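Below is the file coords_28.txt, which contains compact mmCIF, C-alpha atoms.
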# COMPACT_ATOMS: atom_id res chain seq x y z
CA MET H 8 -1.58 17.02 -35.85
CA THR H 9 -1.51 15.20 -39.16
CA GLY H 10 -5.06 16.05 -40.12
CA VAL H 11 -6.13 12.37 -40.07
CA PRO H 12 -9.25 11.78 -37.99
CA ALA H 13 -8.77 9.74 -34.83
CA SER H 14 -11.32 7.17 -36.02
CA ALA H 15 -9.37 6.62 -39.21
CA ALA H 16 -6.16 6.30 -37.28
CA GLY H 17 -7.77 3.80 -34.95
CA GLY H 18 -9.18 1.86 -37.88
CA THR H 19 -5.74 1.71 -39.52
CA SER H 20 -4.21 0.46 -36.32
CA SER H 21 -6.88 -2.21 -35.98
CA ALA H 22 -6.44 -3.27 -39.54
CA ASN H 23 -2.71 -3.60 -39.11
CA GLY H 24 -3.17 -5.49 -35.90
CA ALA H 25 -1.22 -2.85 -33.84
CA PRO H 26 -2.86 -0.89 -31.04
CA ALA H 27 -3.05 2.89 -31.37
CA SER H 28 -0.16 4.69 -29.70
CA ALA H 29 -0.61 6.83 -26.65
CA GLY H 30 0.47 9.88 -28.64
CA SER H 31 -2.26 9.51 -31.20
CA GLY H 32 -4.76 8.95 -28.44
CA ALA H 33 -3.65 12.11 -26.72
CA ALA H 34 -3.71 14.08 -29.94
CA SER H 35 -7.29 13.08 -30.61
CA GLY H 36 -8.35 14.04 -27.17
CA GLY H 37 -8.85 10.41 -26.03
CA ALA H 38 -11.29 7.82 -27.23
CA PRO H 39 -14.92 8.37 -26.26
CA SER H 40 -16.23 6.40 -23.32
CA GLY H 41 -17.42 2.94 -24.37
CA ALA H 42 -15.67 3.04 -27.79
CA MET H 43 -13.22 0.30 -28.76
CA SER H 44 -11.39 -0.83 -31.84
CA GLY H 45 -12.51 -3.77 -33.98
CA SER H 46 -9.86 -6.09 -32.53
CA ASP H 47 -10.81 -5.16 -28.96
CA SER H 48 -14.49 -5.93 -29.59
CA ALA H 49 -13.61 -9.24 -31.24
CA ASP H 50 -11.40 -10.18 -28.28
CA THR H 51 -14.20 -9.30 -25.87
CA ALA H 52 -16.70 -11.42 -27.79
CA SER H 53 -14.21 -14.27 -28.02
CA SER H 54 -13.57 -14.27 -24.29
CA ALA H 55 -17.30 -14.20 -23.58
CA SER H 56 -18.16 -17.09 -25.87
CA GLY H 57 -15.02 -19.18 -25.36
CA VAL H 58 -14.63 -19.55 -29.15
CA PRO H 59 -12.56 -17.07 -31.18
CA GLY H 60 -14.91 -14.91 -33.18
CA GLY H 61 -17.92 -16.92 -32.02
CA PRO H 62 -21.18 -15.43 -30.77
CA LYS H 63 -21.80 -15.02 -27.08
CA PRO H 64 -23.90 -17.98 -25.84
CA ALA H 65 -27.21 -17.32 -24.24
CA ARG H 66 -27.23 -17.45 -20.47
CA GLY H 67 -28.06 -20.95 -19.26
CA ALA H 68 -27.50 -22.54 -22.69
CA LYS H 69 -25.53 -25.42 -21.17
CA VAL H 70 -28.33 -26.16 -18.73
CA VAL H 71 -30.89 -26.21 -21.54
CA ALA H 72 -28.71 -28.53 -23.66
CA ALA H 73 -28.30 -30.93 -20.75
CA ALA H 74 -32.07 -30.95 -20.20
CA VAL H 75 -32.65 -31.78 -23.87
CA ASN H 76 -30.20 -34.71 -23.69
CA GLN H 77 -31.88 -36.05 -20.56
CA ALA H 78 -35.34 -35.69 -22.11
CA SER H 79 -34.31 -37.70 -25.19
CA VAL H 80 -35.41 -40.86 -23.37
CA TRP H 81 -39.00 -39.75 -23.99
CA ASN H 82 -39.42 -40.94 -27.56
CA ILE H 83 -41.96 -43.10 -29.37
CA ALA H 84 -39.84 -46.26 -29.21
CA ASN H 85 -39.44 -46.06 -25.43
CA PHE H 86 -43.10 -45.15 -25.09
CA LEU H 87 -44.08 -48.41 -26.79
CA THR H 88 -41.70 -50.31 -24.52
CA MET H 89 -43.22 -48.74 -21.41
CA LEU H 90 -46.71 -49.48 -22.74
CA ARG H 91 -45.73 -53.14 -23.05
CA LEU H 92 -44.54 -53.16 -19.45
CA LEU H 93 -47.77 -51.57 -18.25
CA LEU H 94 -49.81 -54.18 -20.12
CA VAL H 95 -48.31 -57.04 -18.10
CA PRO H 96 -50.30 -56.58 -14.84
CA GLY H 97 -53.47 -55.86 -16.82
CA PHE H 98 -52.97 -59.01 -18.86
CA VAL H 99 -52.49 -61.13 -15.74
CA ALA H 100 -55.63 -59.69 -14.12
CA LEU H 101 -57.70 -60.44 -17.22
CA MET H 102 -56.30 -63.97 -17.55
CA LEU H 103 -57.09 -64.90 -13.96
CA ALA H 104 -60.47 -63.14 -13.72
CA ASP H 105 -63.32 -65.44 -12.69
CA GLY H 106 -60.97 -68.36 -12.23
CA GLY H 107 -59.40 -67.92 -15.66
CA TYR H 108 -62.20 -69.54 -17.64
CA ASP H 109 -64.35 -66.58 -18.65
CA PRO H 110 -64.26 -66.47 -22.49
CA ALA H 111 -64.86 -62.72 -22.54
CA MET H 112 -62.01 -62.00 -20.12
CA ARG H 113 -59.74 -64.34 -22.02
CA SER H 114 -60.54 -62.43 -25.22
CA PHE H 115 -59.59 -59.15 -23.57
CA ALA H 116 -56.41 -60.78 -22.27
CA TRP H 117 -55.61 -61.92 -25.81
CA ALA H 118 -56.08 -58.34 -27.05
CA ALA H 119 -53.61 -57.06 -24.43
CA PHE H 120 -51.14 -59.80 -25.36
CA ALA H 121 -51.51 -59.04 -29.08
CA ILE H 122 -50.87 -55.33 -28.51
CA ALA H 123 -47.75 -56.19 -26.54
CA MET H 124 -46.45 -58.45 -29.33
CA ILE H 125 -47.17 -55.83 -32.00
CA THR H 126 -45.36 -53.08 -30.08
CA ASP H 127 -42.43 -55.47 -29.72
CA LEU H 128 -42.17 -55.61 -33.51
CA PHE H 129 -42.19 -51.83 -33.92
CA ASP H 130 -40.26 -50.26 -31.04
CA GLY H 131 -36.88 -51.71 -31.94
CA HIS H 132 -37.36 -50.89 -35.64
CA LEU H 133 -38.30 -47.29 -34.84
CA ALA H 134 -35.37 -46.88 -32.47
CA ARG H 135 -32.85 -48.06 -35.08
CA THR H 136 -34.42 -46.28 -38.05
CA TYR H 137 -34.83 -42.86 -36.43
CA ASP H 138 -31.78 -42.99 -34.14
CA LEU H 139 -33.86 -43.24 -30.96
CA VAL H 140 -31.70 -45.84 -29.24
CA THR H 141 -31.21 -45.02 -25.54
CA ASP H 142 -29.70 -46.79 -22.55
CA PHE H 143 -33.18 -47.07 -21.07
CA GLY H 144 -34.47 -48.78 -24.20
CA LYS H 145 -31.57 -51.23 -24.28
CA ILE H 146 -32.43 -52.38 -20.76
CA ALA H 147 -36.22 -52.05 -20.74
CA ASP H 148 -36.98 -53.62 -24.14
CA PRO H 149 -35.73 -57.17 -23.39
CA ILE H 150 -37.27 -56.97 -19.91
CA ALA H 151 -40.66 -56.06 -21.39
CA ASP H 152 -40.41 -58.88 -23.95
CA LYS H 153 -39.68 -61.53 -21.36
CA ALA H 154 -42.17 -60.09 -18.85
CA ILE H 155 -45.22 -60.40 -21.11
CA MET H 156 -44.21 -63.81 -22.48
CA GLY H 157 -43.31 -65.13 -19.04
CA ALA H 158 -46.57 -63.86 -17.55
CA ALA H 159 -48.60 -65.55 -20.30
CA LEU H 160 -46.80 -68.89 -19.97
CA ILE H 161 -47.02 -68.96 -16.17
CA CYS H 162 -50.71 -68.05 -16.23
CA LEU H 163 -51.47 -70.75 -18.79
CA SER H 164 -49.57 -73.40 -16.84
CA SER H 165 -51.13 -72.39 -13.53
CA LEU H 166 -54.58 -72.73 -15.11
CA GLY H 167 -53.69 -76.17 -16.47
CA ASP H 168 -53.93 -75.15 -20.13
CA LEU H 169 -50.23 -75.66 -20.85
CA PRO H 170 -47.81 -78.25 -19.39
CA TRP H 171 -45.30 -76.78 -16.98
CA TRP H 172 -42.40 -78.35 -18.81
CA VAL H 173 -43.18 -76.20 -21.86
CA THR H 174 -43.05 -73.07 -19.72
CA VAL H 175 -39.80 -74.18 -18.11
CA VAL H 176 -38.17 -74.94 -21.49
CA ILE H 177 -39.15 -71.61 -23.06
CA LEU H 178 -38.38 -69.39 -20.07
CA GLY H 179 -35.21 -71.33 -19.25
CA ARG H 180 -33.97 -70.84 -22.79
CA GLU H 181 -34.74 -67.10 -22.78
CA LEU H 182 -33.05 -66.45 -19.44
CA GLY H 183 -30.12 -68.69 -20.31
CA ILE H 184 -29.41 -66.97 -23.64
CA THR H 185 -29.69 -63.55 -22.00
CA LEU H 186 -27.13 -64.58 -19.39
CA LEU H 187 -24.91 -66.06 -22.11
CA ARG H 188 -24.93 -62.77 -24.03
CA PHE H 189 -23.66 -60.95 -20.95
CA LEU H 190 -20.95 -63.53 -20.35
CA VAL H 191 -19.43 -63.19 -23.84
CA ILE H 192 -20.08 -59.49 -24.36
CA ARG H 193 -16.38 -58.78 -23.70
CA TYR H 194 -15.60 -60.68 -26.89
CA GLY H 195 -18.43 -59.29 -29.02
CA VAL H 196 -22.20 -59.24 -29.51
CA ILE H 197 -24.24 -62.26 -30.59
CA PRO H 198 -26.56 -60.90 -33.31
CA ALA H 199 -30.20 -61.90 -33.52
CA SER H 200 -30.61 -64.58 -36.16
CA ARG H 201 -33.50 -65.19 -38.53
CA GLY H 202 -34.22 -68.38 -36.65
CA GLY H 203 -34.48 -66.39 -33.44
CA LYS H 204 -36.94 -63.97 -35.02
CA LEU H 205 -39.01 -66.86 -36.38
CA LYS H 206 -38.95 -68.43 -32.93
CA THR H 207 -40.28 -65.23 -31.37
CA LEU H 208 -43.07 -64.98 -33.93
CA THR H 209 -44.05 -68.63 -33.52
CA GLN H 210 -44.05 -68.34 -29.74
CA GLY H 211 -46.28 -65.29 -29.92
CA VAL H 212 -48.79 -66.98 -32.21
CA ALA H 213 -48.83 -70.19 -30.16
CA VAL H 214 -49.23 -68.46 -26.80
CA GLY H 215 -51.90 -66.17 -28.25
CA MET H 216 -53.87 -69.20 -29.45
CA TYR H 217 -53.65 -70.75 -25.98
CA VAL H 218 -54.80 -67.52 -24.35
CA LEU H 219 -58.00 -67.65 -26.41
CA ALA H 220 -60.61 -70.17 -25.32
CA LEU H 221 -60.38 -72.25 -28.51
CA THR H 222 -62.19 -75.54 -29.10
CA GLY H 223 -62.37 -78.17 -31.81
CA TRP H 224 -59.83 -78.24 -34.59
CA LEU H 225 -58.43 -74.85 -33.53
CA ALA H 226 -57.47 -76.36 -30.18
CA THR H 227 -55.66 -79.13 -32.07
CA LEU H 228 -53.95 -76.60 -34.33
CA ARG H 229 -52.64 -74.58 -31.42
CA PHE H 230 -51.02 -77.73 -30.02
CA TRP H 231 -48.97 -78.18 -33.19
CA VAL H 232 -48.07 -74.49 -33.37
CA MET H 233 -46.81 -74.67 -29.79
CA ALA H 234 -44.87 -77.83 -30.64
CA ALA H 235 -43.17 -75.96 -33.49
CA ALA H 236 -42.41 -73.07 -31.12
CA VAL H 237 -40.77 -75.42 -28.61
CA VAL H 238 -38.64 -77.05 -31.33
CA LEU H 239 -37.50 -73.64 -32.63
CA THR H 240 -36.83 -72.52 -29.06
CA VAL H 241 -34.47 -75.44 -28.44
CA LEU H 242 -32.74 -75.33 -31.84
CA THR H 243 -32.11 -71.59 -31.81
CA GLY H 244 -30.92 -71.82 -28.23
CA LEU H 245 -28.33 -74.42 -29.22
CA ASP H 246 -27.28 -72.25 -32.16
CA TYR H 247 -26.74 -69.27 -29.86
CA VAL H 248 -24.59 -71.44 -27.59
CA ARG H 249 -22.50 -72.45 -30.63
CA GLN H 250 -22.11 -68.81 -31.66
CA ALA H 251 -21.06 -67.87 -28.13
CA ILE H 252 -18.37 -70.56 -28.08
CA VAL H 253 -17.00 -69.49 -31.48
CA LEU H 254 -17.08 -65.82 -30.46
CA ARG H 255 -15.22 -66.56 -27.24
CA ARG H 256 -12.54 -68.59 -29.02
CA GLN H 257 -12.03 -65.86 -31.61
CA GLY H 258 -11.80 -63.23 -28.91
CA ILE H 259 -9.22 -65.19 -26.93
CA ALA H 260 -7.17 -65.86 -30.09
CA GLU H 261 -7.19 -62.17 -31.03
CA ARG H 262 -6.10 -61.16 -27.54
CA MET H 263 -3.25 -63.67 -27.57
CA ALA H 264 -2.11 -62.46 -31.00
CA ALA H 265 -2.19 -58.84 -29.85
CA SER H 266 -0.25 -59.74 -26.71
CA GLU H 267 2.44 -61.55 -28.75
CA GLU H 268 2.80 -58.54 -31.09
CA THR H 269 3.19 -56.24 -28.09
CA GLU H 270 5.89 -58.42 -26.56
CA ALA H 271 7.71 -58.64 -29.90
Can you turn what I pasted into structure tokens?
Amino acid sequence: MTGVPASAAGGTSSANGAPASAGSGAASGGAPSGAMSGSDSADTASSASGVPGGPKPARGAKVVAAAVNQASVWNIANFLTMLRLLLVPGFVALMLADGGYDPAMRSFAWAAFAIAMITDLFDGHLARTYDLVTDFGKIADPIADKAIMGAALICLSSLGDLPWWVTVVILGRELGITLLRFLVIRYGVIPASRGGKLKTLTQGVAVGMYVLALTGWLATLRFWVMAAAVVLTVLTGLDYVRQAIVLRRQGIAERMAASEETEA
């Protein structure tokens, strides 16, 4: 016996990183049940948590984290997108109520259309500003945009308020540009231009004016606003085609250059 307490001996061994010898353990009469050195407790905690020195995770923590990630789709930006989708059938019902020529129903239809256009302005901005971008939003947002605009144009043309060729030009352009984006996405993304945003705004104003039962000089004004929307629709569509061609050529050139460097 050296006169040094067993706890002190154990603490010295732990501090030096060497386990206590069997002799010292025997001399002290054996460690009490459930007692362990500092290094043993740290190793136990490390093995339980999977991270050296880290705290033991709560039971089911991984399940909770996965649930939080899955629930992230429920945010304000996606809520506005879903609201816009839900407004489409209500808008169509109001537009076609009583043969489509009830001024009161047309006013309610205009209100639904206006809400849809306003939410279109805010949901994308909120998603980008507050990091709320989700895969659902990327898919649902353009679908909602085209659904409400397409429903309005088709209803107006079916009622005889808007020539069918206008509806075909606008919807054809929207669907064509969407398809074009997917075709060149391997080379890059075609960004939304200022002309495209102006086109969207002009289309919304023009269609909204046609939804309302306007007469007199307002009916004449809406004709010219729609004419401007059609012109912007065509011009911006051609510009997107040009951008797609340039993007594809640049992508092919970069791939060829990379392939030549690899061969060299």
Report task. Give me the residues within 8 Å of range 220-230 of chain H as JSON, numbers by chain, counting only C-alpha atoms and dropping any in the same chain fewer than 3 places off. Result -> {"H": [108, 110, 113, 114, 213, 216, 217, 233, 234]}
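Going from CA of Asp105 in chain H over to CA of Val218 in chain H, you cover 14.6 Å.
Among H:Val214, H:Leu92, H:Ile83, H:Ala104, the residue with the shortest atom-to-atom distance to Arg135 in chain H, counting only C-alpha atoms, is H:Ile83.
Shortest atom-to-atom contact with Val176 in chain H among H:Thr88, H:Val237, H:Ile197, H:Val140: H:Val237, counting all atoms listed in the file.
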Query - Distance query Ala251 in chain H at most 10 Å, only C-alpha atoms, self and fewer than 5 positions along chain excluded, as JSON, numbers by chain - result: {"H": [184, 187, 188, 190, 191, 192, 194, 195, 196, 197, 245, 246, 256, 257]}
